[in-house]
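K.L.:
One file: protein05.txt (compact mmCIF, C-alpha atoms).
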# COMPACT_ATOMS: atom_id res chain seq x y z
CA MET A 1 98.26 11.33 62.75
CA ALA A 2 97.18 11.37 59.14
CA LEU A 3 98.84 8.69 57.10
CA VAL A 4 101.01 10.00 54.30
CA GLU A 5 101.60 7.94 51.23
CA ILE A 6 105.31 7.38 50.61
CA THR A 7 106.06 7.48 46.89
CA GLN A 8 109.69 6.47 47.12
CA THR A 9 112.25 5.33 49.68
CA VAL A 10 115.86 6.45 49.48
CA ASP A 11 118.11 4.04 51.34
CA ALA A 12 121.18 6.09 52.21
CA LYS A 13 122.23 3.94 55.15
CA GLY A 14 126.00 3.61 55.40
CA LEU A 15 126.61 6.51 53.03
CA SER A 16 128.76 9.38 54.24
CA CYS A 17 128.18 13.08 53.73
CA PRO A 18 127.10 14.45 51.29
CA MET A 19 125.69 11.35 49.59
CA PRO A 20 122.44 11.11 51.60
CA ILE A 21 121.56 14.65 50.45
CA VAL A 22 122.78 14.02 46.90
CA LYS A 23 120.65 10.86 46.59
CA THR A 24 117.67 12.69 48.05
CA ALA A 25 118.06 15.67 45.72
CA GLN A 26 118.19 13.22 42.80
CA ALA A 27 115.15 11.29 44.01
CA ILE A 28 112.95 14.31 44.70
CA LYS A 29 113.34 15.38 41.07
CA THR A 30 111.69 12.15 39.96
CA VAL A 31 108.46 12.62 41.92
CA GLU A 32 105.64 15.07 41.37
CA SER A 33 105.09 18.24 43.37
CA GLY A 34 103.29 17.35 46.61
CA ALA A 35 104.54 13.76 46.57
CA VAL A 36 106.25 12.42 49.67
CA ILE A 37 109.47 10.44 49.88
CA GLU A 38 111.29 8.93 52.84
CA VAL A 39 115.02 8.78 53.39
CA LEU A 40 116.90 6.40 55.66
CA ALA A 41 120.38 7.51 56.70
CA THR A 42 122.99 6.68 59.30
CA ASP A 43 125.25 9.71 58.83
CA PRO A 44 124.90 11.70 62.10
CA GLY A 45 125.41 14.94 60.16
CA SER A 46 122.28 14.23 58.15
CA VAL A 47 119.98 15.64 60.87
CA LYS A 48 121.28 19.17 60.42
CA ASP A 49 121.85 18.64 56.69
CA PHE A 50 118.25 17.68 55.96
CA ALA A 51 116.95 20.58 58.07
CA ALA A 52 119.15 22.98 56.08
CA TRP A 53 118.47 21.39 52.71
CA THR A 54 114.69 21.43 53.09
CA ARG A 55 114.75 25.02 54.38
CA SER A 56 116.89 26.14 51.47
CA THR A 57 115.10 24.24 48.69
CA GLY A 58 111.56 24.84 49.95
CA ASN A 59 110.72 21.15 50.20
CA GLU A 60 108.92 20.28 53.41
CA LEU A 61 110.44 18.13 56.15
CA VAL A 62 107.22 16.46 57.27
CA GLU A 63 108.66 14.13 59.84
CA GLN A 64 111.98 13.16 61.34
CA THR A 65 112.58 10.20 63.59
CA SER A 66 115.50 8.04 64.65
CA ASP A 67 115.63 4.41 65.59
CA GLY A 68 118.74 2.53 66.61
CA GLY A 69 121.14 4.85 64.78
CA VAL A 70 119.00 5.07 61.66
CA PHE A 71 117.50 8.45 60.90
CA ARG A 72 114.31 8.63 58.89
CA PHE A 73 113.27 11.78 57.09
CA VAL A 74 109.90 12.21 55.43
CA ILE A 75 109.95 14.96 52.82
CA ARG A 76 107.23 16.46 50.69
CA ARG A 77 108.27 17.91 47.35
CA LYS A 78 107.58 21.61 46.89
CA MET B 1 117.01 32.76 40.30
CA ASP B 2 120.17 34.83 40.23
CA GLU B 3 122.02 32.73 42.78
CA GLN B 4 125.75 33.47 42.80
CA PRO B 5 127.94 30.48 41.99
CA LEU B 6 130.44 28.80 44.26
CA ASN B 7 133.85 28.94 42.59
CA LEU B 8 136.53 26.44 43.46
CA VAL B 9 140.12 26.71 42.30
CA LEU B 10 141.65 23.28 42.71
CA PHE B 11 145.44 23.31 42.87
CA SER B 12 146.32 20.29 45.04
CA GLY B 13 146.12 16.86 43.49
CA THR B 14 145.97 14.66 46.56
CA ASP B 15 142.93 12.46 47.13
CA ASP B 16 141.98 14.05 50.46
CA LYS B 17 141.86 17.60 49.11
CA LEU B 18 140.03 16.49 45.98
CA GLN B 19 137.55 14.61 48.18
CA ALA B 20 136.96 17.73 50.27
CA ALA B 21 136.37 19.73 47.08
CA ALA B 22 133.99 17.09 45.71
CA VAL B 23 131.96 17.18 48.94
CA LEU B 24 131.68 20.98 48.77
CA THR B 25 130.62 20.69 45.15
CA ALA B 26 127.97 18.02 45.72
CA GLY B 27 126.51 19.90 48.68
CA ALA B 28 126.20 23.09 46.64
CA ALA B 29 124.68 21.20 43.71
CA ALA B 30 122.08 19.65 46.04
CA LEU B 31 121.10 23.15 47.13
CA GLY B 32 120.74 24.28 43.55
CA LYS B 33 123.82 26.49 43.69
CA PRO B 34 125.90 26.55 40.50
CA VAL B 35 129.55 25.52 40.90
CA ASN B 36 132.50 26.50 38.73
CA ILE B 37 135.67 24.47 39.15
CA PHE B 38 139.00 25.64 37.76
CA LEU B 39 141.71 22.98 37.66
CA GLN B 40 145.33 24.04 38.03
CA TYR B 41 148.64 22.25 38.42
CA TRP B 42 148.46 18.96 40.34
CA ALA B 43 144.69 18.93 40.56
CA LEU B 44 144.57 19.03 36.77
CA GLU B 45 147.13 16.22 36.64
CA ALA B 46 144.77 14.10 38.77
CA PHE B 47 142.01 14.51 36.14
CA ARG B 48 144.05 12.81 33.40
CA SER B 49 141.80 10.03 32.16
CA GLU B 50 144.46 7.37 32.60
CA ARG B 51 145.23 8.49 36.16
CA ILE B 52 141.89 9.54 37.62
CA GLN B 53 141.30 6.18 39.35
CA ALA B 54 144.90 5.96 40.59
CA ASP B 55 146.06 6.61 44.14
CA HIS B 56 146.99 10.29 44.32
CA GLY B 57 148.30 10.21 47.88
CA LEU B 58 147.33 12.48 50.74
CA ALA B 59 148.38 15.92 51.95
CA PRO B 60 151.60 15.80 54.03
CA GLU B 61 149.75 16.58 57.26
CA ALA B 62 147.75 13.35 56.98
CA GLY B 63 150.66 11.16 58.14
CA PRO B 64 150.31 7.40 58.59
CA GLU B 65 147.35 7.76 60.96
CA GLY B 66 145.50 9.94 58.50
CA ARG B 67 146.17 7.36 55.83
CA ARG B 68 144.52 4.69 58.01
CA HIS B 69 141.44 6.87 58.60
CA VAL B 70 141.06 7.63 54.90
CA ASP B 71 141.51 3.97 53.97
CA ALA B 72 138.90 2.90 56.54
CA LEU B 73 136.32 5.32 55.11
CA ALA B 74 137.04 4.13 51.57
CA LYS B 75 136.67 0.53 52.70
CA ALA B 76 133.33 1.39 54.32
CA GLY B 77 132.13 2.34 50.84
CA GLN B 78 132.70 6.11 50.66
CA ALA B 79 132.34 7.26 47.07
CA THR B 80 135.59 8.38 45.43
CA TRP B 81 136.00 12.07 44.68
CA ALA B 82 135.56 11.38 40.97
CA GLU B 83 132.29 9.53 41.59
CA THR B 84 131.09 12.28 43.94
CA LEU B 85 131.80 14.88 41.25
CA ARG B 86 130.00 12.78 38.64
CA GLN B 87 126.90 12.65 40.84
CA ALA B 88 127.14 16.37 41.53
CA LYS B 89 127.21 17.00 37.79
CA ASP B 90 124.13 14.81 37.31
CA LEU B 91 122.34 16.74 39.99
CA GLY B 92 123.10 20.35 39.31
CA GLU B 93 124.97 22.95 37.38
CA VAL B 94 128.64 22.01 37.81
CA ASP B 95 131.15 23.22 35.26
CA ILE B 96 134.71 21.90 35.40
CA GLN B 97 137.34 23.75 33.38
CA ALA B 98 141.05 23.11 32.97
CA CYS B 99 143.40 26.08 33.31
CA SER B 100 145.05 26.61 29.94
CA LEU B 101 148.40 27.55 31.47
CA SER B 102 148.43 24.31 33.46
CA MET B 103 147.56 22.39 30.29
CA ASP B 104 150.73 23.82 28.73
CA LEU B 105 152.76 23.19 31.85
CA LEU B 106 151.79 19.52 31.96
CA ALA B 107 151.89 19.19 28.16
CA LEU B 108 148.29 17.95 28.04
CA ASP B 109 145.75 17.89 25.21
CA ASP B 110 141.95 17.93 25.67
CA GLY B 111 141.94 14.23 24.82
CA ASP B 112 144.13 13.43 27.83
CA LEU B 113 141.46 14.52 30.30
CA ASP B 114 138.62 12.61 31.89
CA PRO B 115 135.14 13.44 30.50
CA LEU B 116 134.34 15.07 33.87
CA VAL B 117 136.27 18.07 32.52
CA ASP B 118 134.02 20.25 30.37
CA GLY B 119 136.69 22.32 28.68
CA VAL B 120 139.79 24.48 28.85
CA GLU B 121 139.76 28.17 29.73
CA GLY B 122 141.99 30.99 30.90
CA VAL B 123 141.82 32.75 34.22
CA THR B 124 139.88 35.69 32.78
CA ALA B 125 137.02 33.46 31.69
CA PHE B 126 137.07 31.86 35.14
CA TYR B 127 136.71 35.27 36.85
CA LEU B 128 133.97 36.28 34.47
CA ASN B 129 131.94 33.14 35.22
CA ALA B 130 132.66 33.49 38.96
CA GLY B 131 130.63 36.70 39.01
CA GLU B 132 130.15 37.95 42.56
CA GLY B 133 130.38 34.44 44.01
CA GLN B 134 132.99 33.39 46.51
CA ILE B 135 136.27 31.93 45.27
CA VAL B 136 137.78 29.11 47.30
CA PHE B 137 141.32 27.86 46.69
CA ILE B 138 142.04 24.26 47.62
The structure given in the file should be rewritten as structure tokens.
P.N.:
Amino acid sequence: MALVEITQTVDAKGLSCPMPIVKTAQAIKTVESGAVIEVLATDPGSVKDFAAWTRSTGNELVEQTSDGGVFRFVIRRK
Amino acid sequence: MDEQPLNLVLFSGTDDKLQAAAVLTAGAAALGKPVNIFLQYWALEAFRSERIQADHGLAPEAGPEGRRHVDALAKAGQATWAETLRQAKDLGEVDIQACSLSMDLLALDDGDLDPLVDGVEGVTAFYLNAGEGQIVFI
């Protein structure tokens, strides 16, 4: 798998809905188009939320994994 | 983009209903959807600058068990509804207006309200700004 350079990490662990999305929407505005950020979250609702948010905003959900209750989302800015 | 706004009429002034409204607002803001909030009655009362951080209680259906659940979430670090609204305003197009009739009812002046509130308007202005967007009453 090609390595993607992560420009910024949003640590949203322990935050409840909708803060993981809010923090991500704030962070994505600070990076350039095409840049990639990662988000760490523990809110179980975030899986569907990030799928919906990326679909609606046009940002790309590059990768999604989970490890021990922590979800990791890799997102490329539109 | 001619996205229709989400329009929330907030009537209840309890922390749980205001939290629910703040979550709806922040979610919409994250999606780039404009949000208009119209504050009436007890919701407006909760936005008084000297009372916004106070305990505003919960809806009657919460009961003691609901109180425990809400307290546990707050203790775990959940942002307050006021903080959630502040972040939503940073993020997107969120306009919070006080209902002028409720201002009279509660004998409030502009200066009594938290800076989260953008202004005072009547119901006609609210409808005009609501456009074709949905109106939700909480």
K.L.:
With all atoms listed in the file considered, list every residue of chain B at most 12 Å from chain A, as a PyMOL selection string.
P.N.:
chain B and resi 19-33+73-81+83-92
K.L.:
With all atoms listed in the file counted, which protein, DNA or RNA residues have an atom no more than 12 Å from (112.3, 5.6, 45.0) in the file frame? Please answer as a list of chain:residue names.
P.N.:
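Residues lying no farther than 12 Å from the given point: A:Ile6, A:Thr7, A:Gln8, A:Thr9, A:Val10, A:Asp11, A:Ala12, A:Lys23, A:Thr24, A:Ala25, A:Gln26, A:Ala27, A:Ile28, A:Lys29, A:Thr30, A:Val31, A:Ala35, A:Val36, A:Ile37, A:Glu38, A:Val39, A:Leu40.
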K.L.:
Can I get the selection written as a short mmCIF file (atom, residue, chain, number, x, y, z; two decimals), in the coordinates of the input, with C-alpha atoms?
P.N.:
data_model
loop_
_atom_site.label_atom_id
_atom_site.label_comp_id
_atom_site.auth_asym_id
_atom_site.auth_seq_id
_atom_site.Cartn_x
_atom_site.Cartn_y
_atom_site.Cartn_z
CA ILE A 6 105.31 7.38 50.61
CA THR A 7 106.06 7.48 46.89
CA GLN A 8 109.69 6.47 47.12
CA THR A 9 112.25 5.33 49.68
CA VAL A 10 115.86 6.45 49.48
CA ASP A 11 118.11 4.04 51.34
CA ALA A 12 121.18 6.09 52.21
CA LYS A 23 120.65 10.86 46.59
CA THR A 24 117.67 12.69 48.05
CA ALA A 25 118.06 15.67 45.72
CA GLN A 26 118.19 13.22 42.80
CA ALA A 27 115.15 11.29 44.01
CA ILE A 28 112.95 14.31 44.70
CA LYS A 29 113.34 15.38 41.07
CA THR A 30 111.69 12.15 39.96
CA VAL A 31 108.46 12.62 41.92
CA ALA A 35 104.54 13.76 46.57
CA VAL A 36 106.25 12.42 49.67
CA ILE A 37 109.47 10.44 49.88
CA GLU A 38 111.29 8.93 52.84
CA VAL A 39 115.02 8.78 53.39
CA LEU A 40 116.90 6.40 55.66
#
K.L.:
Which residue gives the smallest distance to Arg48 (chain B) among B:Asp104, B:Asp110, B:Glu132, B:Glu93, with only C-alpha atoms counted?
P.N.:
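Comparing B:Asp104, B:Asp110, B:Glu132, B:Glu93 against Arg48 (chain B), the winner is B:Asp110.
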K.L.:
Rank B:Ala130, B:Ile52, B:Ile135, B:Ala43 by their smallest atom-to-atom distance to Pro115 (chain B), using only C-alpha atoms, and report the top residue only.
P.N.:
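When distances to Pro115 (chain B) are compared using only C-alpha atoms, the smallest one comes from B:Ile52.
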K.L.:
Let me have the centre and edge lengths of the axis-aligned box enclosing all listed atoms of region 31-39 of chain A with 4 Å padding on every side, in Å to one decimal, as lines of an AutoDock Vina configuration file.
P.N.:
center_x = 109.2
center_y = 13.5
center_z = 47.4
size_x = 19.7
size_y = 17.5
size_z = 20.0
K.L.:
Record the distance separating CA of Arg72 (chain A) and CA of His69 (chain B), expressed in Å with one decimal.
P.N.:
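So the answer is 27.2 Å.
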K.L.:
Please list as a ChimeraX atom specification every residue within 6 Å of Ser102 (chain B), counting all atoms listed in the file and excluding residues in the same chain fewer than 2 positions away.
P.N.:
/B:40-41,99-100,104-105
K.L.:
Measure the distance from CA of Leu10 (chain B) to CA of Val123 (chain B) in Å and round it to one decimal.
P.N.:
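Pair CA of Leu10 (chain B) / CA of Val123 (chain B) returns 12.7 Å.
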K.L.:
What does the structure give for the distance between CA of Asp16 (chain B) and CA of Pro60 (chain B), in Å to one decimal?
P.N.:
10.4 Å
